[in-house]
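**Q** This is the content of model00.tsv (TSV, C-alpha atoms and all ligand atoms):
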```
chain	number	residue	atom	x	y	z
A	781	MET	CA	14.52	-3.88	9.43
A	782	THR	CA	12.70	-6.35	11.63
A	783	THR	CA	10.01	-5.12	13.95
A	784	GLU	CA	10.17	-6.49	17.48
A	785	ARG	CA	7.52	-9.03	18.23
A	786	THR	CA	6.07	-6.95	21.05
A	787	GLU	CA	5.28	-4.13	18.63
A	788	LEU	CA	3.24	-6.33	16.33
A	789	LYS	CA	-0.50	-6.02	16.06
A	790	PRO	CA	-1.74	-9.55	15.41
A	791	GLU	CA	-4.09	-9.87	12.46
A	792	ARG	CA	-7.44	-11.13	13.69
A	793	VAL	CA	-9.44	-13.02	11.11
A	794	GLN	CA	-12.86	-14.22	12.19
A	795	GLN	CA	-13.77	-15.82	8.90
A	796	THR	CA	-11.34	-16.79	6.17
A	797	ARG	CA	-11.91	-16.40	2.50
A	798	THR	CA	-12.23	-19.65	0.58
A	799	VAL	CA	-10.50	-20.76	-2.60
A	800	GLU	CA	-12.60	-19.91	-5.64
A	801	ARG	CA	-10.26	-21.49	-8.14
A	802	VAL	CA	-6.84	-23.14	-8.32
A	803	VAL	CA	-4.73	-22.08	-11.30
A	804	THR	CA	-1.60	-23.80	-12.60
A	805	GLY	CA	0.70	-21.44	-14.45
A	806	GLN	CA	1.56	-21.74	-18.13
A	807	ALA	CA	5.13	-22.41	-19.23
A	808	THR	CA	6.24	-19.76	-21.71
A	809	SER	CA	9.21	-17.62	-22.62
A	810	ASP	CA	9.58	-13.87	-22.87
A	811	GLY	CA	12.25	-11.26	-23.51
A	812	ALA	CA	15.00	-12.79	-25.65
A	813	GLY	CA	14.04	-16.32	-24.58
A	814	VAL	CA	13.86	-16.44	-20.79
A	815	LYS	CA	11.91	-19.48	-19.64
A	816	LEU	CA	9.22	-18.62	-17.12
A	817	THR	CA	5.81	-19.59	-15.78
A	818	ARG	CA	3.00	-17.11	-16.42
A	819	VAL	CA	0.82	-17.51	-13.34
A	820	LEU	CA	-1.57	-14.60	-13.81
A	821	THR	CA	-2.49	-14.63	-17.50
A	822	GLN	CA	-4.46	-12.14	-19.59
A	823	PRO	CA	-7.85	-13.93	-19.22
A	824	LEU	CA	-7.59	-13.39	-15.42
A	825	GLN	CA	-6.98	-9.62	-15.60
A	826	ARG	CA	-10.62	-8.68	-15.10
A	827	ARG	CA	-11.09	-11.13	-12.22
A	828	LEU	CA	-7.88	-10.05	-10.48
A	829	ASP	CA	-8.10	-6.31	-11.26
A	830	PRO	CA	-5.90	-4.26	-10.52
A	831	PHE	CA	-3.24	-6.95	-11.25
A	832	LEU	CA	-2.38	-7.62	-14.88
A	833	MET	CA	0.28	-10.31	-14.80
A	834	LEU	CA	2.42	-12.45	-12.51
A	835	ASP	CA	5.43	-14.29	-13.91
A	836	ALA	CA	7.49	-16.74	-11.85
A	837	PHE	CA	10.94	-17.77	-13.02
A	838	ARG	CA	13.23	-20.36	-11.49
A	839	ASN	CA	15.99	-21.48	-13.78
A	840	GLU	CA	19.17	-23.38	-12.91
A	841	ASN	CA	20.33	-23.66	-16.52
A	842	PRO	CA	21.93	-20.39	-17.76
A	843	ASP	CA	20.65	-21.15	-21.28
A	844	ASP	CA	17.16	-20.51	-19.90
A	845	TYR	CA	17.88	-16.98	-18.63
A	846	LEU	CA	21.14	-15.54	-20.02
A	847	ALA	CA	19.52	-13.78	-23.00
A	848	GLY	CA	17.52	-11.65	-20.54
A	849	PHE	CA	15.09	-8.90	-21.47
A	850	PRO	CA	16.85	-6.47	-23.83
A	851	ASN	CA	15.42	-3.00	-24.55
A	852	HIS	CA	11.63	-2.91	-24.57
A	853	PRO	CA	8.99	-0.28	-23.72
A	854	HIS	CA	6.20	-0.07	-21.13
A	855	ARG	CA	3.32	2.39	-20.71
A	856	GLY	CA	0.32	2.68	-18.41
A	857	PHE	CA	1.12	0.47	-15.38
A	858	GLU	CA	3.77	-0.55	-12.82
A	859	THR	CA	6.17	-3.49	-12.77
A	860	ILE	CA	7.31	-4.96	-9.46
A	861	THR	CA	10.24	-7.35	-9.73
A	862	TYR	CA	11.15	-9.46	-6.70
A	863	MET	CA	14.40	-11.37	-6.92
A	864	ILE	CA	14.83	-14.44	-4.66
A	865	ALA	CA	18.14	-15.62	-6.09
A	866	GLY	CA	20.42	-14.20	-8.75
A	867	ARG	CA	21.40	-10.78	-10.07
A	868	MET	CA	19.65	-8.66	-12.67
A	869	ARG	CA	20.83	-5.29	-14.04
A	870	HIS	CA	18.21	-2.70	-14.94
A	871	ARG	CA	18.72	0.36	-17.15
A	872	ASP	CA	16.04	2.69	-18.45
A	873	SER	CA	15.35	5.72	-20.62
A	874	ALA	CA	14.65	7.89	-17.56
A	875	GLY	CA	18.35	7.51	-16.65
A	876	ASN	CA	17.87	4.97	-13.88
A	877	GLU	CA	20.16	2.04	-13.37
A	878	GLY	CA	20.19	-0.56	-10.64
A	879	LEU	CA	21.29	-4.03	-9.69
A	880	LEU	CA	18.59	-6.26	-8.30
A	881	GLU	CA	19.71	-9.27	-6.26
A	882	ASN	CA	18.92	-11.81	-3.54
A	883	GLY	CA	15.74	-10.58	-1.88
A	884	GLY	CA	15.68	-7.15	-3.48
A	885	VAL	CA	12.66	-5.46	-5.03
A	886	GLN	CA	12.49	-3.07	-7.94
A	887	TRP	CA	9.31	-1.02	-8.24
A	888	MET	CA	8.96	0.79	-11.55
A	889	THR	CA	6.08	3.03	-12.56
A	890	ALA	CA	6.13	3.15	-16.35
A	891	GLY	CA	3.55	5.95	-16.51
A	892	ARG	CA	3.65	7.63	-19.93
A	893	GLY	CA	6.54	5.49	-20.98
A	894	VAL	CA	9.96	4.03	-20.39
A	895	VAL	CA	12.28	1.93	-22.49
A	896	HIS	CA	14.31	-0.41	-20.33
A	897	SER	CA	16.39	-3.56	-20.25
A	898	GLU	CA	16.49	-6.25	-17.57
A	899	MET	CA	19.59	-8.39	-18.01
A	900	PRO	CA	21.06	-11.19	-15.85
A	901	GLU	CA	24.42	-10.34	-14.35
A	902	GLN	CA	25.62	-13.86	-13.67
A	903	GLU	CA	26.89	-16.60	-15.90
A	904	GLY	CA	25.69	-19.57	-13.90
A	905	GLY	CA	23.72	-20.70	-10.90
A	906	LEU	CA	20.11	-20.33	-9.89
A	907	MET	CA	18.00	-17.38	-10.98
A	908	GLU	CA	14.66	-17.18	-9.22
A	909	GLY	CA	12.10	-14.45	-8.82
A	910	PHE	CA	8.79	-12.91	-9.77
A	911	GLN	CA	7.46	-10.01	-11.79
A	912	LEU	CA	4.05	-8.59	-10.96
A	913	TRP	CA	2.24	-6.00	-13.09
A	914	LEU	CA	0.00	-3.57	-11.22
A	915	ASN	CA	-2.36	-1.40	-13.22
A	916	LEU	CA	-2.55	2.38	-12.85
A	917	PRO	CA	-5.85	4.28	-12.70
A	918	ALA	CA	-6.71	6.13	-15.94
A	919	SER	CA	-5.76	9.43	-14.29
A	920	ASP	CA	-2.18	8.19	-13.62
A	921	LYS	CA	-1.42	6.29	-16.82
A	922	MET	CA	0.39	9.25	-18.41
A	923	ARG	CA	2.19	10.41	-15.26
A	924	GLU	CA	5.96	10.80	-15.10
A	925	PRO	CA	7.85	7.51	-14.78
A	926	TRP	CA	9.06	6.59	-11.28
A	927	TYR	CA	11.54	4.01	-10.12
A	928	ARG	CA	13.00	2.67	-6.92
A	929	ASP	CA	15.28	-0.21	-5.94
A	930	PHE	CA	14.98	-1.72	-2.47
A	931	GLU	CA	17.78	-3.90	-1.21
A	932	ALA	CA	16.66	-6.93	0.76
A	933	ALA	CA	17.45	-5.22	4.07
A	934	ALA	CA	15.22	-2.26	3.13
A	935	ILE	CA	12.10	-4.41	2.83
A	936	PRO	CA	10.17	-4.22	6.14
A	937	SER	CA	9.78	-7.65	7.71
A	938	LEU	CA	8.32	-9.28	10.77
A	939	ARG	CA	8.14	-12.61	12.57
A	940	THR	CA	4.84	-13.65	14.11
A	941	ALA	CA	4.59	-15.33	17.53
A	942	ASP	CA	4.20	-18.63	15.64
A	943	GLY	CA	7.48	-18.11	13.80
A	944	VAL	CA	6.10	-17.05	10.42
A	945	ASP	CA	8.49	-14.73	8.59
A	946	VAL	CA	6.80	-12.07	6.49
A	947	ARG	CA	8.35	-9.58	4.10
A	948	VAL	CA	6.05	-6.64	3.49
A	949	ILE	CA	6.70	-5.38	-0.04
A	950	ALA	CA	3.47	-3.34	-0.22
A	951	GLY	CA	0.56	-2.61	2.12
A	952	ALA	CA	0.74	-3.59	5.78
A	953	SER	CA	0.78	-6.77	7.86
A	954	HIS	CA	0.61	-7.14	11.65
A	955	GLY	CA	1.00	-3.38	11.97
A	956	VAL	CA	4.15	-3.25	9.85
A	957	ALA	CA	3.93	-0.91	6.86
A	958	GLY	CA	5.43	-2.11	3.61
A	959	ALA	CA	8.04	-0.57	1.34
A	960	VAL	CA	5.49	0.97	-1.02
A	961	THR	CA	1.91	2.21	-0.71
A	962	ARG	CA	-0.48	3.24	-3.47
A	963	ASP	CA	-3.69	5.19	-2.82
A	964	ALA	CA	-5.82	4.11	-5.79
A	965	THR	CA	-5.37	0.34	-5.47
A	966	ALA	CA	-4.10	-0.04	-1.88
A	967	PRO	CA	-2.02	-3.08	-2.89
A	968	LEU	CA	-0.86	-5.73	-0.43
A	969	TYR	CA	2.18	-7.78	-1.47
A	970	LEU	CA	3.59	-10.20	1.11
A	971	ASP	CA	6.21	-12.92	0.90
A	972	VAL	CA	5.26	-15.38	3.66
A	973	HIS	CA	7.55	-18.14	4.97
A	974	LEU	CA	5.67	-20.68	7.09
A	975	PRO	CA	7.22	-23.35	9.31
A	976	ALA	CA	5.65	-26.81	8.85
A	977	SER	CA	2.01	-27.08	10.00
A	978	VAL	CA	1.90	-23.44	11.17
A	979	ARG	CA	-0.92	-21.00	10.42
A	980	PHE	CA	-0.79	-17.42	9.23
A	981	SER	CA	-3.66	-14.94	9.27
A	982	GLN	CA	-3.95	-11.77	7.25
A	983	SER	CA	-6.90	-9.39	7.23
A	984	LEU	CA	-8.12	-8.30	3.80
A	985	PRO	CA	-10.76	-5.75	2.83
A	986	SER	CA	-13.63	-7.82	1.41
A	987	THR	CA	-13.72	-5.69	-1.75
A	988	HIS	CA	-10.05	-6.35	-2.58
A	989	ASN	CA	-9.34	-8.98	-5.19
A	990	ALA	CA	-6.81	-11.40	-3.74
A	991	PHE	CA	-4.67	-14.35	-4.75
A	992	LEU	CA	-1.89	-16.45	-3.40
A	993	PHE	CA	0.99	-18.23	-5.16
A	994	VAL	CA	2.81	-21.10	-3.44
A	995	TYR	CA	6.46	-21.39	-4.45
A	996	ARG	CA	7.69	-23.90	-1.84
A	997	GLY	CA	5.82	-26.74	-0.19
A	998	ASP	CA	2.05	-26.92	0.05
A	999	VAL	CA	-0.60	-25.13	2.08
A	1000	SER	CA	-4.28	-25.39	2.86
A	1001	ILE	CA	-6.91	-22.66	2.93
A	1002	ALA	CA	-10.38	-23.41	4.29
A	1003	GLY	CA	-9.83	-27.13	3.69
A	1004	LYS	CA	-8.48	-26.75	0.14
A	1005	THR	CA	-4.91	-27.90	-0.51
A	1006	LEU	CA	-2.64	-25.95	-2.82
A	1007	GLY	CA	0.57	-27.45	-4.18
A	1008	GLU	CA	3.89	-25.96	-5.18
A	1009	ARG	CA	3.68	-23.52	-8.11
A	1010	GLN	CA	-0.09	-23.24	-7.91
A	1011	MET	CA	-2.11	-20.06	-7.52
A	1012	ALA	CA	-5.35	-19.77	-5.58
A	1013	ILE	CA	-7.86	-17.09	-6.47
A	1014	LEU	CA	-9.53	-16.20	-3.17
A	1015	ALA	CA	-13.29	-15.75	-3.23
A	1016	ASN	CA	-14.69	-12.27	-2.59
A	1017	ASP	CA	-17.08	-12.92	0.26
A	1018	ALA	CA	-18.58	-9.97	2.12
A	1019	ALA	CA	-18.63	-12.04	5.33
A	1020	ALA	CA	-14.92	-12.93	5.17
A	1021	ASP	CA	-12.50	-10.52	6.80
A	1022	GLY	CA	-9.21	-12.06	5.68
A	1023	VAL	CA	-7.43	-15.27	4.89
A	1024	VAL	CA	-6.02	-18.03	7.09
A	1025	VAL	CA	-3.40	-20.24	5.46
A	1026	GLU	CA	-1.73	-23.29	7.00
A	1027	ALA	CA	1.47	-24.99	5.87
A	1028	GLY	CA	1.48	-28.74	5.19
A	1029	ALA	CA	3.98	-31.20	6.70
A	1030	GLN	CA	6.90	-29.24	5.22
A	1031	PRO	CA	7.78	-25.56	5.51
A	1032	ALA	CA	6.06	-23.49	2.82
A	1033	ARG	CA	6.60	-20.17	1.09
A	1034	LEU	CA	4.02	-18.12	-0.74
A	1035	LEU	CA	3.19	-14.73	-2.15
A	1036	LEU	CA	-0.05	-13.18	-0.92
A	1037	ILE	CA	-1.24	-10.38	-3.18
A	1038	ALA	CA	-4.39	-8.26	-2.95
A	1039	GLY	CA	-5.66	-4.93	-4.23
A	1040	ARG	CA	-8.68	-2.70	-4.69
A	1041	PRO	CA	-10.09	-3.13	-8.21
A	1042	LEU	CA	-9.98	-0.10	-10.51
A	1043	ASP	CA	-13.05	-1.25	-12.45
A	1044	GLU	CA	-11.93	0.59	-15.58
A	1045	PRO	CA	-11.63	-0.73	-19.15
A	1046	ILE	CA	-8.40	-2.65	-19.83
A	1047	ALA	CA	-6.82	-2.39	-23.29
A	1048	GLN	CA	-3.53	-4.29	-23.57
A	1049	TYR	CA	-1.17	-4.63	-26.47
A	1050	GLY	CA	2.00	-6.39	-25.26
A	1051	PRO	CA	3.86	-4.00	-22.95
A	1052	PHE	CA	1.25	-1.22	-23.20
A	1053	VAL	CA	-1.82	-1.29	-20.93
A	1054	MET	CA	-4.29	1.54	-21.44
A	1055	ASN	CA	-8.08	2.00	-21.28
A	1056	THR	CA	-8.94	2.23	-25.01
A	1057	GLN	CA	-7.67	0.98	-28.36
A	1058	GLN	CA	-7.17	4.61	-29.41
A	1059	GLU	CA	-4.70	5.03	-26.51
A	1060	ILE	CA	-2.91	1.85	-27.61
A	1061	GLN	CA	-2.53	3.28	-31.13
A	1062	GLU	CA	-1.11	6.47	-29.59
A	1063	ALA	CA	1.35	4.42	-27.52
A	1064	LEU	CA	2.54	2.55	-30.62
A	1065	ALA	CA	2.96	5.80	-32.55
A	1066	ASP	CA	4.79	7.51	-29.66
A	1067	TYR	CA	7.15	4.54	-29.28
A	1068	ARG	CA	7.76	4.33	-33.04
A	1069	ASP	CA	8.53	8.07	-33.15
A	1070	GLY	CA	10.94	7.92	-30.22
A	1071	ARG	CA	8.77	9.80	-27.72
A	1072	PHE	CA	9.53	7.26	-24.97
A	1073	GLY	CA	13.13	8.47	-24.97
A	1074	ALA	CA	16.15	6.31	-25.65
A	1075	GLN	CA	18.25	4.37	-23.21
B	1	MN	MN	10.10	-4.82	-18.64
```
Go through the file and emit its structure as structure tokens.
**A**
Amino acid sequence: MTTERTELKPERVQQTRTVERVVTGQATSDGAGVKLTRVLTQPLQRRLDPFLMLDAFRNENPDDYLAGFPNHPHRGFETITYMIAGRMRHRDSAGNEGLLENGGVQWMTAGRGVVHSEMPEQEGGLMEGFQLWLNLPASDKMREPWYRDFEAAAIPSLRTADGVDVRVIAGASHGVAGAVTRDATAPLYLDVHLPASVRFSQSLPSTHNAFLFVYRGDVSIAGKTLGERQMAILANDAAADGVVVEAGAQPARLLLIAGRPLDEPIAQYGPFVMNTQQEIQEALADYRDGRFGAQ
């Protein structure tokens, strides 16, 4: 679905946020040995509340992804998987199954608990994508699990007058509402494709924590240059009403992510994210005793 240009409401940003910090992701592996870059790491959870993690993976060698993510549990937050290239099969203990591929998004609310697997369904070629973890407010951590797959064509998109292509996974941009909205954290999740030397503006509530991850080319924000596979934490400045980002001499692609902080305690043990250690102990006991269900 592409909204006609005439229907767009241009984002007007009087003063852009600046870059507080540039972060280079850490190479790691997860699941049964999938190589990936952890961009948003645990020490940044408080600063980037309500976001808990961002992983980027881009592997051409099947040995780096074929083992996938066999059965594992989650409780207390949401996982948002965005596939740029490749195919991944999802199955979970709530009875959901889906195939995620080329531009598709899977939004899963773990709530009180799911056991799921995320396995590549290809034997060769490029596999590229991202997984973002969005925290749930304390009042929703034990809610029923929820799950939805969006094919690429079901993600609302727009093209600005300057030729910037935007896919609106969550929140809203230029008057186009995204695939998913959440009341507590009001998340914005955009995939922005910029032609060379072109600017893109996006309004942001000044109280939202916000960051940007460049996955092709380079961009500049308020005079600061950001290279490929770097993340910028955007400063929270009461006088700034959004962000203005400009591509370098080559076309650029980036994720722009923002949300309202929950400002609640964060207790994480691996795939469980709760508010207290006591709740983590309960999660471990419930998983051990099979109360997450079986796939
Ligand atoms: Mn998972």
**Q** Interatomic distance between CA of Glu1044 in chain A and CA of Ala918 in chain A?
**A**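 Atom-to-atom, CA of Glu1044 in chain A to CA of Ala918 in chain A, that is 7.6 Å.
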**Q** When you draw a straight line from CA of Asn841 in chain A to CA of Ile864 in chain A, how long is it in Å?
**A**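 Computing the Euclidean distance for CA of Asn841 in chain A and CA of Ile864 in chain A yields 16.0 Å.
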**Q** What does the list of residues within 8 Å of ligand MN 1 (chain B) look like if you count only C-alpha atoms and all ligand atoms, written as a list of chain:residue names?
**A**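 Using only C-alpha atoms and all ligand atoms, I find these residues within 8 Å of ligand MN 1 (chain B): A:Phe849, A:His852, A:Pro853, A:His854, A:Thr859, A:His896, A:Ser897, A:Glu898, A:Pro1051.
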**Q** Write the selection just made, keeping C-alpha atoms, as an mmCIF file, keeping the file's coordinate frame?
**A**
```
data_model
loop_
_atom_site.group_PDB
_atom_site.id
_atom_site.type_symbol
_atom_site.label_atom_id
_atom_site.label_comp_id
_atom_site.auth_asym_id
_atom_site.auth_seq_id
_atom_site.Cartn_x
_atom_site.Cartn_y
_atom_site.Cartn_z
ATOM 1 C CA PHE A 849 15.090 -8.900 -21.470
ATOM 2 C CA HIS A 852 11.630 -2.910 -24.570
ATOM 3 C CA PRO A 853 8.990 -0.280 -23.720
ATOM 4 C CA HIS A 854 6.200 -0.070 -21.130
ATOM 5 C CA THR A 859 6.170 -3.490 -12.770
ATOM 6 C CA HIS A 896 14.310 -0.410 -20.330
ATOM 7 C CA SER A 897 16.390 -3.560 -20.250
ATOM 8 C CA GLU A 898 16.490 -6.250 -17.570
ATOM 9 C CA PRO A 1051 3.860 -4.000 -22.950
#
```
**Q** So that I can check the surroundings of Val960 in chain A, please list as a PyMOL selection string every protein, DNA and RNA residue that reaches within 7 Å of it, counting only C-alpha atoms and ignoring chain neighbours fewer than 2 positions away.
**A** chain A and resi 949-951+958+962
**Q** Can you tell me, as a ChimeraX atom specification, what residues are no more than 9 Å from range 791-793 of chain A when counting only C-alpha atoms, ignoring any on the same chain fewer than 6 positions away?
**A** /A:953-955,980-984,1020-1024
**Q** Given all atoms listed in the file as the basis, pick out the residue of A:Ile860, A:Ala957, A:Ile1001, A:Val814 nearest to Thr798 in chain A.
**A**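 With all atoms listed in the file as the atom set, the closest residue is A:Ile1001.
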**Q** Using Å and a single decimal, report how far CA of Ser986 in chain A sits from CA of Ala1047 in chain A.
**A**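 The value is 26.2 Å.
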